[in-house]
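K.L.:
Below is the file structure-v6.pdb, with PDB, C-alpha atoms and all ligand atoms.
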ATOM      1  CA  MET A   1      39.672 129.400  56.931  1.00  0.00           C
ATOM      2  CA  LEU A   2      42.282 130.595  59.454  1.00  0.00           C
ATOM      3  CA  ALA A   3      43.028 133.544  57.128  1.00  0.00           C
ATOM      4  CA  GLU A   4      39.385 134.506  57.139  1.00  0.00           C
ATOM      5  CA  MET A   5      39.171 134.140  60.917  1.00  0.00           C
ATOM      6  CA  VAL A   6      42.115 136.465  61.620  1.00  0.00           C
ATOM      7  CA  GLY A   7      41.222 138.775  58.714  1.00  0.00           C
ATOM      8  CA  THR A   8      44.299 138.378  56.515  1.00  0.00           C
ATOM      9  CA  THR A   9      45.385 136.665  53.308  1.00  0.00           C
ATOM     10  CA  ARG A  10      46.169 132.995  52.924  1.00  0.00           C
ATOM     11  CA  SER A  11      49.768 133.645  51.795  1.00  0.00           C
ATOM     12  CA  ARG A  12      50.460 135.740  54.915  1.00  0.00           C
ATOM     13  CA  VAL A  13      49.143 132.982  57.189  1.00  0.00           C
ATOM     14  CA  SER A  14      51.224 130.396  55.329  1.00  0.00           C
ATOM     15  CA  SER A  15      54.368 132.570  55.629  1.00  0.00           C
ATOM     16  CA  PHE A  16      53.711 133.032  59.381  1.00  0.00           C
ATOM     17  CA  MET A  17      53.191 129.301  59.870  1.00  0.00           C
ATOM     18  CA  ASN A  18      56.495 128.508  58.072  1.00  0.00           C
ATOM     19  CA  LYS A  19      58.388 130.946  60.314  1.00  0.00           C
ATOM     20  CA  PHE A  20      56.687 129.459  63.372  1.00  0.00           C
ATOM     21  CA  ARG A  21      57.670 125.923  62.333  1.00  0.00           C
ATOM     22  CA  LYS A  22      61.332 126.964  61.858  1.00  0.00           C
ATOM     23  CA  LEU A  23      61.349 128.724  65.224  1.00  0.00           C
ATOM     24  CA  GLY A  24      59.674 125.714  66.810  1.00  0.00           C
ATOM     25  CA  SER A  25      62.254 123.275  65.476  1.00  0.00           C
ATOM     26  CA  GLY A  26      65.014 125.655  66.622  1.00  0.00           C
ATOM     27  CA  VAL A  27      63.592 125.654  70.139  1.00  0.00           C
ATOM     28  CA  TYR A  28      63.370 121.852  70.020  1.00  0.00           C
ATOM     29  CA  VAL A  29      67.031 121.479  68.907  1.00  0.00           C
ATOM     30  CA  PHE A  30      68.121 123.886  71.686  1.00  0.00           C
ATOM     31  CA  ALA A  31      66.084 121.997  74.278  1.00  0.00           C
ATOM     32  CA  SER A  32      67.390 118.575  73.219  1.00  0.00           C
ATOM     33  CA  ASN A  33      71.009 119.871  73.170  1.00  0.00           C
ATOM     34  CA  SER A  34      70.719 121.449  76.577  1.00  0.00           C
ATOM     35  CA  GLN A  35      69.526 118.124  78.024  1.00  0.00           C
ATOM     36  CA  ARG A  36      72.848 116.499  77.023  1.00  0.00           C
ATOM     37  CA  HIS A  37      74.879 118.766  79.347  1.00  0.00           C
ATOM     38  CA  ASP A  38      74.056 117.450  82.779  1.00  0.00           C
ATOM     39  CA  LYS A  39      74.288 119.745  85.737  1.00  0.00           C
ATOM     40  CA  PRO A  40      77.628 119.130  87.493  1.00  0.00           C
ATOM     41  CA  GLY A  41      77.173 117.219  90.731  1.00  0.00           C
ATOM     42  CA  ARG A  42      79.310 117.412  93.860  1.00  0.00           C
ATOM     43  CA  LEU A  43      81.703 114.698  94.976  1.00  0.00           C
ATOM     44  CA  PRO A  44      80.785 113.056  98.280  1.00  0.00           C
ATOM     45  CA  ARG A  45      82.808 114.370 101.238  1.00  0.00           C
ATOM     46  CA  TYR A  46      86.394 113.026 101.222  1.00  0.00           C
ATOM     47  CA  GLN A  47      86.901 110.611 104.092  1.00  0.00           C
ATOM     48  CA  GLU A  48      90.214 111.275 105.859  1.00  0.00           C
ATOM     49  CA  ALA A  49      92.349 108.097 105.856  1.00  0.00           C
ATOM     50  CA  ARG A  50      92.841 108.150 109.640  1.00  0.00           C
ATOM     51  CA  LYS A  51      89.048 108.161 110.139  1.00  0.00           C
ATOM     52  CA  ARG A  52      88.278 105.244 107.830  1.00  0.00           C
ATOM     53  CA  ASP A  53      86.951 102.130 109.498  1.00  0.00           C
ATOM     54  CA  HIS A  54      88.180  99.834 106.748  1.00  0.00           C
ATOM     55  CA  LEU A  55      91.158  99.767 104.429  1.00  0.00           C
ATOM     56  CA  TYR A  56      91.041 101.235 100.929  1.00  0.00           C
ATOM     57  CA  ILE A  57      92.871 103.922  99.011  1.00  0.00           C
ATOM     58  CA  VAL A  58      91.410 106.772  97.011  1.00  0.00           C
ATOM     59  CA  VAL A  59      93.101 107.031  93.636  1.00  0.00           C
ATOM     60  CA  GLY A  60      91.089 109.852  92.097  1.00  0.00           C
ATOM     61  CA  ALA A  61      87.586 110.857  91.097  1.00  0.00           C
ATOM     62  CA  VAL A  62      85.304 109.377  88.437  1.00  0.00           C
ATOM     63  CA  ARG A  63      83.403 112.009  86.509  1.00  0.00           C
ATOM     64  CA  HIS A  64      82.013 111.561  82.996  1.00  0.00           C
ATOM     65  CA  ALA A  65      82.767 108.038  81.768  1.00  0.00           C
ATOM     66  CA  ARG A  66      83.802 109.005  78.233  1.00  0.00           C
ATOM     67  CA  LYS A  67      84.188 112.786  77.953  1.00  0.00           C
ATOM     68  CA  PRO A  68      86.134 115.437  79.894  1.00  0.00           C
ATOM     69  CA  ILE A  69      82.936 117.144  81.018  1.00  0.00           C
ATOM     70  CA  PRO A  70      81.204 117.442  84.402  1.00  0.00           C
ATOM     71  CA  SER A  71      79.062 114.590  85.647  1.00  0.00           C
ATOM     72  CA  PRO A  72      75.800 114.900  87.600  1.00  0.00           C
ATOM     73  CA  ASN A  73      76.969 112.204  90.032  1.00  0.00           C
ATOM     74  CA  PRO A  74      80.779 112.096  90.366  1.00  0.00           C
ATOM     75  CA  ARG A  75      82.287 109.586  92.799  1.00  0.00           C
ATOM     76  CA  TRP A  76      85.659 108.734  94.310  1.00  0.00           C
ATOM     77  CA  LEU A  77      87.721 106.105  92.495  1.00  0.00           C
ATOM     78  CA  THR A  78      89.014 103.697  95.113  1.00  0.00           C
ATOM     79  CA  ILE A  79      91.012 100.482  95.372  1.00  0.00           C
ATOM     80  CA  PRO A  80      89.395  98.265  98.011  1.00  0.00           C
ATOM     81  CA  GLU A  81      91.420  96.194 100.458  1.00  0.00           C
ATOM     82  CA  ARG A  82      91.223  93.036  98.337  1.00  0.00           C
ATOM     83  CA  GLY A  83      92.859  94.961  95.478  1.00  0.00           C
ATOM     84  CA  LEU A  84      95.837  95.971  97.602  1.00  0.00           C
ATOM     85  CA  PHE A  85      97.405  92.543  97.959  1.00  0.00           C
ATOM     86  CA  THR A  86      98.347  91.813  94.368  1.00  0.00           C
ATOM     87  CA  GLY A  87     100.568  94.789  93.579  1.00  0.00           C
ATOM     88  CA  ILE A  88     100.056  98.113  91.831  1.00  0.00           C
ATOM     89  CA  ALA A  89     102.267  99.247  88.956  1.00  0.00           C
ATOM     90  CA  ILE A  90     102.422 102.956  88.087  1.00  0.00           C
ATOM     91  CA  PHE A  91     103.549 103.768  84.568  1.00  0.00           C
ATOM     92  CA  GLY A  92     104.486 107.164  83.180  1.00  0.00           C
ATOM     93  CA  ALA A  93     107.264 109.015  81.433  1.00  0.00           C
ATOM     94  CA  VAL A  94     110.034 110.667  83.458  1.00  0.00           C
ATOM     95  CA  GLY A  95     108.759 113.527  85.627  1.00  0.00           C
ATOM     96  CA  THR A  96     105.058 113.005  84.928  1.00  0.00           C
ATOM     97  CA  GLY A  97     104.070 112.752  88.589  1.00  0.00           C
ATOM     98  CA  LYS A  98     104.217 109.028  89.400  1.00  0.00           C
ATOM     99  CA  THR A  99     105.811 109.699  92.771  1.00  0.00           C
ATOM    100  CA  SER A 100     104.030 112.932  93.727  1.00  0.00           C
ATOM    101  CA  CYS A 101     100.546 111.988  92.496  1.00  0.00           C
ATOM    102  CA  CYS A 102     100.527 108.261  93.347  1.00  0.00           C
ATOM    103  CA  MET A 103     103.311 107.107  95.679  1.00  0.00           C
ATOM    104  CA  TYR A 104     102.964 109.951  98.186  1.00  0.00           C
ATOM    105  CA  PRO A 105      99.147 109.977  98.475  1.00  0.00           C
ATOM    106  CA  PHE A 106      98.968 106.174  98.503  1.00  0.00           C
ATOM    107  CA  ALA A 107     101.640 105.963 101.231  1.00  0.00           C
ATOM    108  CA  GLU A 108      99.886 108.678 103.250  1.00  0.00           C
ATOM    109  CA  GLN A 109      96.597 106.789 103.145  1.00  0.00           C
ATOM    110  CA  LEU A 110      98.141 103.399 103.982  1.00  0.00           C
ATOM    111  CA  ILE A 111     100.188 104.778 106.864  1.00  0.00           C
ATOM    112  CA  ALA A 112      97.310 106.814 108.307  1.00  0.00           C
ATOM    113  CA  ASN A 113      94.873 103.889 108.205  1.00  0.00           C
ATOM    114  CA  GLN A 114      94.068 102.838 111.813  1.00  0.00           C
ATOM    115  CA  ALA A 115      97.298 104.609 112.831  1.00  0.00           C
ATOM    116  CA  HIS A 116      96.077 104.973 116.434  1.00  0.00           C
ATOM    117  CA  ASP A 117      95.579 101.205 116.826  1.00  0.00           C
ATOM    118  CA  ARG A 118      98.876  99.332 117.212  1.00  0.00           C
ATOM    119  CA  ALA A 119      97.182  96.000 116.517  1.00  0.00           C
ATOM    120  CA  LYS A 120      95.435  97.056 113.328  1.00  0.00           C
ATOM    121  CA  ARG A 121      97.720  99.614 111.717  1.00  0.00           C
ATOM    122  CA  ILE A 122      99.721  98.654 108.674  1.00  0.00           C
ATOM    123  CA  GLY A 123     103.387  97.687 108.793  1.00  0.00           C
ATOM    124  CA  GLY A 124     105.528  98.347 105.788  1.00  0.00           C
ATOM    125  CA  LEU A 125     108.815  98.126 104.018  1.00  0.00           C
ATOM    126  CA  VAL A 126     110.087 100.772 101.637  1.00  0.00           C
ATOM    127  CA  LEU A 127     112.598  99.858  98.982  1.00  0.00           C
ATOM    128  CA  GLU A 128     114.043 102.602  96.851  1.00  0.00           C
ATOM    129  CA  VAL A 129     117.153 103.671  95.050  1.00  0.00           C
ATOM    130  CA  LYS A 130     116.952 107.479  95.018  1.00  0.00           C
ATOM    131  CA  GLY A 131     116.550 108.120  98.757  1.00  0.00           C
ATOM    132  CA  ASP A 132     114.015 110.964  98.634  1.00  0.00           C
ATOM    133  CA  PHE A 133     110.970 108.739  99.002  1.00  0.00           C
ATOM    134  CA  CYS A 134     112.227 107.315 102.308  1.00  0.00           C
ATOM    135  CA  THR A 135     112.686 110.856 103.626  1.00  0.00           C
ATOM    136  CA  LYS A 136     109.130 111.637 102.596  1.00  0.00           C
ATOM    137  CA  VAL A 137     107.844 108.468 104.294  1.00  0.00           C
ATOM    138  CA  HIS A 138     109.579 109.479 107.526  1.00  0.00           C
ATOM    139  CA  GLY A 139     107.645 112.770 107.313  1.00  0.00           C
ATOM    140  CA  ILE A 140     104.348 110.962 106.658  1.00  0.00           C
ATOM    141  CA  LEU A 141     104.962 108.633 109.629  1.00  0.00           C
ATOM    142  CA  LYS A 142     105.624 111.632 111.864  1.00  0.00           C
ATOM    143  CA  GLN A 143     102.452 113.303 110.591  1.00  0.00           C
ATOM    144  CA  SER A 144     100.458 110.190 111.540  1.00  0.00           C
ATOM    145  CA  LYS A 145     102.203 110.120 114.946  1.00  0.00           C
ATOM    146  CA  ARG A 146     103.969 106.898 114.094  1.00  0.00           C
ATOM    147  CA  GLU A 147     107.631 106.079 114.609  1.00  0.00           C
ATOM    148  CA  ALA A 148     109.806 105.414 111.608  1.00  0.00           C
ATOM    149  CA  GLY A 149     111.656 102.125 111.531  1.00  0.00           C
ATOM    150  CA  ASN A 150     114.882 101.405 109.723  1.00  0.00           C
ATOM    151  CA  THR A 151     115.250 102.035 106.034  1.00  0.00           C
ATOM    152  CA  LEU A 152     116.553  98.889 104.396  1.00  0.00           C
ATOM    153  CA  PRO A 153     118.731  98.746 101.279  1.00  0.00           C
ATOM    154  CA  HIS A 154     117.060  97.638  98.048  1.00  0.00           C
ATOM    155  CA  HIS A 155     118.667  94.167  98.150  1.00  0.00           C
ATOM    156  CA  ALA A 156     116.765  93.316 101.359  1.00  0.00           C
ATOM    157  CA  PRO A 157     115.323  89.763 101.539  1.00  0.00           C
ATOM    158  CA  VAL A 158     111.763  89.134 100.393  1.00  0.00           C
ATOM    159  CA  PRO A 159     109.403  90.482 103.114  1.00  0.00           C
ATOM    160  CA  PRO A 160     106.634  88.417 104.765  1.00  0.00           C
ATOM    161  CA  ALA A 161     103.206  88.533 103.097  1.00  0.00           C
ATOM    162  CA  ASN A 162     101.497  90.665 105.762  1.00  0.00           C
ATOM    163  CA  VAL A 163     103.728  93.673 105.166  1.00  0.00           C
ATOM    164  CA  THR A 164     102.997  96.460 102.696  1.00  0.00           C
ATOM    165  CA  VAL A 165     105.887  96.998 100.331  1.00  0.00           C
ATOM    166  CA  LEU A 166     106.393 100.317  98.602  1.00  0.00           C
ATOM    167  CA  ILE A 167     108.970 100.153  95.843  1.00  0.00           C
ATOM    168  CA  THR A 168     109.880 103.330  94.034  1.00  0.00           C
ATOM    169  CA  THR A 169     112.489 104.565  91.593  1.00  0.00           C
TER     170      THR A 169
HETATM  171  N1  LIG B   1      99.906 117.237  88.274  1.00  0.00           N
HETATM  172  C1  LIG B   1     100.984 118.002  88.485  1.00  0.00           C
HETATM  173  N2  LIG B   1     100.890 119.344  88.419  1.00  0.00           N
HETATM  174  C2  LIG B   1     101.973 120.105  88.628  1.00  0.00           C
HETATM  175  N3  LIG B   1     103.191 119.643  88.905  1.00  0.00           N
HETATM  176  C3  LIG B   1     103.333 118.336  88.970  1.00  0.00           C
HETATM  177  C4  LIG B   1     102.249 117.426  88.761  1.00  0.00           C
HETATM  178  N4  LIG B   1     102.710 116.185  88.872  1.00  0.00           N
HETATM  179  C5  LIG B   1     104.013 116.293  89.148  1.00  0.00           C
HETATM  180  N5  LIG B   1     104.398 117.565  89.225  1.00  0.00           N
HETATM  181  C6  LIG B   1     105.749 118.034  89.514  1.00  0.00           C
HETATM  182  O1  LIG B   1     106.611 117.446  88.555  1.00  0.00           O
HETATM  183  C7  LIG B   1     107.833 117.062  89.180  1.00  0.00           C
HETATM  184  C8  LIG B   1     108.112 115.601  88.946  1.00  0.00           C
HETATM  185  O2  LIG B   1     107.114 114.827  89.629  1.00  0.00           O
HETATM  186  P1  LIG B   1     107.438 113.363  90.149  1.00  0.00           P
HETATM  187  O3  LIG B   1     108.772 113.307  90.815  1.00  0.00           O
HETATM  188  O4  LIG B   1     106.262 112.913  90.932  1.00  0.00           O
HETATM  189  O5  LIG B   1     107.487 112.579  88.786  1.00  0.00           O
HETATM  190  P2  LIG B   1     107.945 111.075  88.548  1.00  0.00           P
HETATM  191  O6  LIG B   1     107.050 110.566  87.451  1.00  0.00           O
HETATM  192  O7  LIG B   1     107.942 110.319  89.812  1.00  0.00           O
HETATM  193  O8  LIG B   1     109.409 111.300  88.027  1.00  0.00           O
HETATM  194  P3  LIG B   1     110.574 110.182  87.877  1.00  0.00           P
HETATM  195  O9  LIG B   1     110.287 109.448  86.607  1.00  0.00           O
HETATM  196  O10 LIG B   1     111.819 111.004  87.805  1.00  0.00           O
HETATM  197  O11 LIG B   1     110.515 109.297  89.092  1.00  0.00           O
HETATM  198  C9  LIG B   1     107.723 117.413  90.664  1.00  0.00           C
HETATM  199  O12 LIG B   1     108.368 118.646  90.891  1.00  0.00           O
HETATM  200  C10 LIG B   1     106.227 117.535  90.872  1.00  0.00           C
HETATM  201  O13 LIG B   1     105.947 118.474  91.903  1.00  0.00           O
HETATM  202 MG    MG B   2     109.419 109.236  90.803  1.00  0.00          MG
END
Is it possible to give me this structure as structure tokens?
P.N.:
Amino acid sequence: MLAEMVGTTRSRVSSFMNKFRKLGSGVYVFASNSQRHDKPGRLPRYQEARKRDHLYIVVGAVRHARKPIPSPNPRWLTIPERGLFTGIAIFGAVGTGKTSCCMYPFAEQLIANQAHDRAKRIGGLVLEVKGDFCTKVHGILKQSKREAGNTLPHHAPVPPANVTVLITT
């Protein structure tokens, strides 16, 4: 009937319809695949540690939960205050960035937190064997306009519970 309506043969209409179906399914596959790749979203603005009104540290960013691809709604990965009292262990092979990617940024954030308020800012004790981390901490303290205290040897007595302890190797 369609062949008669458009003035052609039945086999031509059937061949056209087959091609159309293949094209249609191709378009469908393309459309369903393209839906899987979400448009990359933007991370919320990074809050400077000295401007934070409560204590937490930013460890990194959370993007796609299972794949190394962009996420439509990335967010900062943080450790809240209650997670900072029980200790953090950083594992990694030699030279993989434990100190530069964790110890330094964590120390910067802890030292900068409420740095302007003598009553609220965080006290700390740094224990280390190499010596370079203490030098770095002196620099971070200066940056936050805080005075550096004494650097104690690694066999110092156990510190009181209200003091942040940074131990590095
Ligand atoms: N993500 C990175 N990209 C580029 N360079 C890096 C990265 N992470 C660390 N580095 C560089 O690698 C070197 C070793 O880093 P770092 O001292 O932080 O490692 P580590 O794991 O603390 O080493 P160690 O086991 O000796 O204490 C440094 O020069 C640092 O600048
Ligand atoms: Mg190190």
K.L.:
Padding 5 Å on every side, please: axis-aligned box over the listed atoms of range 97-107 of chain A, centre and edge lengths to one decimal in Å, as JSON.
P.N.:
{"center_x": 102.4, "center_y": 109.4, "center_z": 94.9, "size_x": 16.8, "size_y": 17.0, "size_z": 22.6}
K.L.:
A:Phe91, A:Trp76, A:Tyr46, A:Phe85: which is nearest ligand MG 2 (chain B), counting all atoms listed in the file?
P.N.:
A:Phe91
K.L.:
Residues within 10 Å of ligand MG 2 (chain B), counting all atoms listed in the file: report them as a PyMOL selection string.
P.N.:
chain A and resi 90+92-104+130+132-133+168-169
K.L.:
Please produce a file of those selected residues containing C-alpha atoms, as a short mmCIF file (atom, residue, chain, number, x, y, z; two decimals), in the frame of the given file.
P.N.:
data_model
loop_
_atom_site.label_atom_id
_atom_site.label_comp_id
_atom_site.auth_asym_id
_atom_site.auth_seq_id
_atom_site.Cartn_x
_atom_site.Cartn_y
_atom_site.Cartn_z
CA ILE A 90 102.42 102.96 88.09
CA GLY A 92 104.49 107.16 83.18
CA ALA A 93 107.26 109.02 81.43
CA VAL A 94 110.03 110.67 83.46
CA GLY A 95 108.76 113.53 85.63
CA THR A 96 105.06 113.00 84.93
CA GLY A 97 104.07 112.75 88.59
CA LYS A 98 104.22 109.03 89.40
CA THR A 99 105.81 109.70 92.77
CA SER A 100 104.03 112.93 93.73
CA CYS A 101 100.55 111.99 92.50
CA CYS A 102 100.53 108.26 93.35
CA MET A 103 103.31 107.11 95.68
CA TYR A 104 102.96 109.95 98.19
CA LYS A 130 116.95 107.48 95.02
CA ASP A 132 114.02 110.96 98.63
CA PHE A 133 110.97 108.74 99.00
CA THR A 168 109.88 103.33 94.03
CA THR A 169 112.49 104.56 91.59
#
K.L.:
Identify all residues satisfying the PyMOL selection byres (((chain A and resi 144) around 9) and not hetatm) in the given file; provide them as number ranges by chain.
P.N.:
A: 50, 108, 111-112, 115-116, 139-143, 145-147
K.L.:
Out of A:Thr135, A:Thr78, A:Asn73, A:Ser15, which residue has the shortest atom-to-atom distance to Leu55 in chain A when counting only C-alpha atoms?
P.N.:
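Nearest to Leu55 in chain A: A:Thr78.
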K.L.:
Would you mind telling me which residue in A:Pro105, A:Ile57, A:Ala119, A:Ala65 lies nearest to ligand LIG 1 (chain B) when using all atoms listed in the file?
P.N.:
A:Pro105
K.L.:
Could you work out how far CA of Leu77 in chain A lies from CA of Tyr56 in chain A, giving the answer in Å with one decimal?
P.N.:
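Rounded to one decimal, the two atoms are 10.3 Å apart.
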K.L.:
Using only C-alpha atoms and all ligand atoms for the distances, tell me which of A:Asp53, A:Glu48, A:Asp117, A:Glu128 is nearest to ligand LIG 1 (chain B).
P.N.:
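Selected residue with least distance to ligand LIG 1 (chain B): A:Glu128.
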K.L.:
For ligand LIG 1 (chain B), which of A:Lys136, A:Arg10, A:Lys19, A:Arg52 is the closest residue, counting only C-alpha atoms and all ligand atoms?
P.N.:
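Looking only at the distances to ligand LIG 1 (chain B), the closest residue turns out to be A:Lys136.
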K.L.:
What is the distance between CA of Lys67 in chain A and CA of Gly41 in chain A, in Å to one decimal?
P.N.:
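The value is 15.2 Å.
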K.L.:
Find the distance between CA of Ala49 in chain A and CA of Pro74 in chain A and write it in Å to one decimal.
P.N.:
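Atom-to-atom, CA of Ala49 in chain A and CA of Pro74 in chain A are spaced 19.7 Å apart.
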K.L.:
Write out as a count of residues only the residues lying within 8 Å of Lys39 in chain A, counting all atoms listed in the file and excluding same-chain residues fewer than 5 positions away.
P.N.:
3
